[in-house]
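Here the structure comes first, spelled out in structure tokens, and everything after it is commentary.
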Amino acid sequence: MSSMNLPKMSTEKPRRCKHTDNGSCNNHLHQEFNQKAPNLVWASDFTYIKVNGKWYYLCIVMDLFSRKIIGWHIAKHHDVELTINAFKKAYKSRNIRYGLIFHSDQGSEYTAFAFRQLLDSLNVVQSFSKKGYPFDNACCESFFKFLKKNLTNRKTYHTLEELQLDIFEYLNMYNTRLPHGSIGYKTPDEYEAEYWDQYE
């Protein structure tokens with residue numbers, strides 16, 4: 001790190017609130033991360049990033065078929081509004097088929113009545129990881145690991161606008177220029193384009 005003039009990575013974490021569950025939390029994914037088509041299974045999670053001494057929270061929605069990030073939102077609080085906004089952006093950007101599964105952990109941001117009601121209204125089946133078992137949502141965990149390693153832990157953000165611009169540029173690079181071994185070393189956009197080309 002010294003020879004490359006890289007700053008020390010931050011290991012500081014915000015305090016976490018205790019979560020409460022509402023309703024059943026079944027796992028319908030069972031770690032079947034390699035899906036056969038877009039919009040069959042979306043996965044979601046959020047992480048924390050410090051801006052000018054205060055914590056902000058980034059929520060992402062990933063299509064497991066291509067590993068593409070199809071929706072994201074940054075907010076001051078990790079609550080149900082964070083997950084609702086990220087999901088709505090993803091839903092608006094896609095041509096949804098009936099039978100979509102939405103997978104996440106059992107945090108209160110995802111088990112909240114308002115979020116579950118939104119998914120029910122759109123006929124989306126909700127799926128949950130086992131409590132305290134991040135391997136059930138390994139794709140999102142991996143995404144955040146590399147986001148922090150390659151970007152946010154090496155930078156200091158002074159404004160929310162700086163962070164939003166950085167995340168926007170990183171996600172654009174991730175979707176359009178970063179190849180993934182799990183999808184044949186293609187970018188998410190390339191992998192989806194090849195799929196849809198079959199039907200033209």
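Quick note on naming: the chains in the structure tokens go A, B, ... in the order shown, residues restart at 1 in each chain, and ligands are numbered from 1 in order of appearance.
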(message) Could you list, as a VMD selection string, every residue within 9 Å of Ala114 of chain A, counting only C-alpha atoms and ignoring same-chain residues fewer than 4 positions away?
(response) chain A and resid 80 to 81 84 110 118 to 119
(request) Would you mind writing down, as a PyMOL selection string, each residue of chain A that DSSP on the backbone assigns to strand (DSSP E or B)? (result) chain A and resi 41-51+54-63+68-75+101-104+125-128+157+180+186
(request) For Gly132 of chain A, please output as an MDAnalysis selection string all residues within 12 Å (counting only C-alpha atoms; exclusion window: fewer than 5 positions along the same chain). (result) chainID A and resid 19 104:107 137
(request) For Tyr185 of chain A, please output as JSON, numbers by chain all residues within 12 Å (counting only C-alpha atoms; exclusion window: fewer than 6 positions along the same chain). (result) {"A": [66, 67, 177, 178, 179, 191]}
So that I have them on file, write out the residues from the current selection with N, CA and C atoms, as a short mmCIF file (atom, residue, chain, number, x, y, z; two decimals), in the first residue's frame.
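Output file out30.cif is given in full below:
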data_model
loop_
_atom_site.label_atom_id
_atom_site.label_comp_id
_atom_site.auth_asym_id
_atom_site.auth_seq_id
_atom_site.Cartn_x
_atom_site.Cartn_y
_atom_site.Cartn_z
N SER A 66 -27.26 -12.08 -14.28
CA SER A 66 -26.09 -11.40 -14.87
C SER A 66 -25.20 -10.73 -13.84
N ARG A 67 -25.61 -10.72 -12.57
CA ARG A 67 -24.94 -9.99 -11.50
C ARG A 67 -25.00 -8.48 -11.71
N ARG A 177 -18.17 -2.61 -17.92
CA ARG A 177 -16.77 -2.87 -18.27
C ARG A 177 -16.07 -3.92 -17.41
N LEU A 178 -16.73 -4.39 -16.36
CA LEU A 178 -16.06 -5.32 -15.45
C LEU A 178 -16.51 -6.76 -15.72
N PRO A 179 -15.62 -7.63 -16.24
CA PRO A 179 -16.00 -9.02 -16.52
C PRO A 179 -16.11 -9.84 -15.24
N TYR A 191 -23.60 -9.94 -20.99
CA TYR A 191 -24.26 -11.22 -20.73
C TYR A 191 -25.77 -11.12 -20.97
#
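Minimum distance to Cys59 of chain A across A:Tyr91, A:Phe113, A:Phe102, A:Phe144 (counting only C-alpha atoms) occurs at A:Phe144.
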(request) Please identify all polymer residues within 12 Å of Phe168 of chain A, counting only C-alpha atoms, omitting same-chain residues fewer than 3 positions from it, and present them as number ranges by chain. (result) A: 58, 60, 69-74, 147, 151, 161-165, 171-175
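Proximity of A:Lys149, A:Lys155, A:Lys186, A:Lys89 to Met62 of chain A, computed with only C-alpha atoms, is greatest for A:Lys89.
Between atom CA of Val61 of chain A and atom CA of Thr156 of chain A the separation is 24.8 Å.
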(message) Would you pick out the contacts of His78 of chain A at 9 Å or less, using only C-alpha atoms, so that residues sharing its chain but fewer than 6 positions from it are not included, and give the list as a list of chain:residue names?
(response) A:Phe46, A:Thr47, A:Tyr48, A:Tyr56, A:Tyr57, A:Leu58, A:Cys59, A:Glu109
For those residues, write C-alpha atoms to a file as a PDB file, in the first residue's frame.
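Final output, out31.pdb:
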ATOM      1  CA  PHE A  46     -27.031  -2.619   2.022  1.00  0.00           C
ATOM      2  CA  THR A  47     -23.765  -1.332   3.437  1.00  0.00           C
ATOM      3  CA  TYR A  48     -22.547   1.747   5.289  1.00  0.00           C
ATOM      4  CA  TYR A  56     -24.888   6.903   5.030  1.00  0.00           C
ATOM      5  CA  TYR A  57     -26.346   3.664   3.748  1.00  0.00           C
ATOM      6  CA  LEU A  58     -26.179   2.243   0.217  1.00  0.00           C
ATOM      7  CA  CYS A  59     -28.783  -0.346  -0.775  1.00  0.00           C
ATOM      8  CA  GLU A 109     -35.643  -3.007   6.360  1.00  0.00           C
TER       9      GLU A 109
END
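For the set A:Val41, A:Leu160, A:Leu64, A:Leu122, the residue with the smallest atom-to-atom gap to Lys92 of chain A is A:Leu122, counting only C-alpha atoms.
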